[in-house]
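**Student:** Here's a structure for you.
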Amino acid sequence: MIIEIFKYLTNPATASAKKMGQLQETIAMEARYQRAKKQWQSHLENSKEIIKAASLNLDNNSEIIILGSGLLLDIPIDFLSKKFNHIYLIDVVHLKKTRNRVKKYQNVSLIEHDITGVSDTMLLAHENNEPYSLNHSPSLKIPALSPDTGLVISANMLSQLHLAPVYFAEKNFNLDEGQLNILASNIMKSHIALLNNSPCPVCLLTDHNRIYKNKTGHVISGENVLFDINLPTPDQTWYWEIAPHGELDKKTSMTSFVCAYKNFNRQ
């Protein structure tokens, strides 16, 4: 906990990312990875391989945009930087470790951007002591998109997109569970629409549902994290034990079912 507090105080982030809890969320994700490297390994390797497969037939002069680049754990950044002209890493927070890692690449750029488009509106409503409207429809754009873009990679995991906004809304606005679910669903649907409107191919990595198991490995419950969203048949699927026993509690582990698409918007 002391290490995480130190990282919070010493890592660069926008005021918005701090207020919305996205800096804290990113630091917590890094700490969870350190505790669960073994359980995460197959998921990270599968993610890298599907990204490589999605980019194999692209022109080497292409530019690549990665939405939700995060800690670069699931991104084959060496492969991409060697193969393509330029790589844009887009996320709301880039920790020092990530910034230092990409310094050696002359063709990699970091862009801080909230791809959900809801943070500024939420913060403004909160500062003005106003309610937050669930009808808010942000005008979303993919940063750095150009005629040279050969591939957009969405590595966010759809259910991760709404974590910080929903938590902030729950804490600061008078929204009930049903309204929070609508907010979460709207954020995911807006992201899918953004990807479908991309003029170039999109590689999508997303969780679909979660499974909870007891210590003996038996499934005790499950949930669909995409609510009423229906996705096409994926190119590849796998399981990711995102929270081994001891993360949520001593008795329960959480495993995500991951769907991967090499060309999501051409399905």
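Residues in the structure tokens are named by chain (A, B, ... in the order shown) and by number from 1 within that chain; ligands are numbered from 1 in the order shown.
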For Ala36 (chain A), please output as a PyMOL selection string all residues within 8 Å (counting only C-alpha atoms; exclusion window: fewer than 6 positions along the same chain).
**Tutor:** chain A and resi 242-244
**Student:** At most 8 Å is the cut-off: for each residue in region 148-171 of chain A with any atom that close to an atom of region 107-118 of chain A, write down the nearest atom pair and the distance in Å rounded to one decimal, counting only C-alpha atoms, chain first then increasing number, as CSV.
**Tutor:**
residue,atom,partner,partner_atom,distance
A:Leu161,CA,A:Thr116,CA,7.0
A:His162,CA,A:Thr116,CA,7.9
A:Pro165,CA,A:Val118,CA,7.3
**Student:** Which polymer residues have any atom within 12 Å of an atom of Asp176 (chain A), counting only C-alpha atoms, with same-chain residues fewer than 5 positions away left out, as a list in words?
**Tutor:**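 Here the qualifying residues turn out to be Leu134, Val166, Tyr167, Ala169, Glu170, Lys171, Asn181, Ile182 and Leu183 of chain A.
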**Student:** Distance CA of Leu58 (chain A)-CA of Lys82 (chain A), one decimal place?
**Tutor:**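 Straight-line distance from CA of Leu58 (chain A) to CA of Lys82 (chain A) works out to 13.1 Å.
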**Student:** Which residue, A:Ser47, A:Ser62, A:Gln106, A:Ser154, has the smallest gap to Asn196 (chain A) when you use only C-alpha atoms?
**Tutor:**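 Using only C-alpha atoms, Asn196 (chain A) sits closest to A:Ser154.
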**Student:** DSSP on the backbone, then: every residue of region 7-224 of chain A marked strand (DSSP E or B), written as a ChimeraX atom specification.
**Tutor:** /A:63-67,86-91,108-112,149-154,202-213,219-224
**Student:** Set the distance at 12 Å and use only C-alpha atoms: which residues neighbour Gly246 (chain A) once local chain neighbours fewer than 4 positions away are removed? I'd like the list as a PyMOL selection string.
**Tutor:** chain A and resi 32+35-36+214-215+242+250-254
**Student:** In Å to one decimal, how far is CA of Pro76 (chain A) from CA of Thr149 (chain A)?
**Tutor:** 17.6 Å
**Student:** Excluding Phe257 (chain A) and its own-chain neighbours fewer than 6 positions away, which residues fall within 9 Å of it when counting only C-alpha atoms? Please give them as an MDAnalysis selection string.
**Tutor:** chainID A and resid 206:211 237:241
**Student:** Pick the closest to Val258 (chain A) from A:Lys48, A:Asn197, A:His126, A:His43: which is it, counting only C-alpha atoms?
**Tutor:**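 Ranking A:Lys48, A:Asn197, A:His126, A:His43 by distance to Val258 (chain A), first place goes to A:His43.
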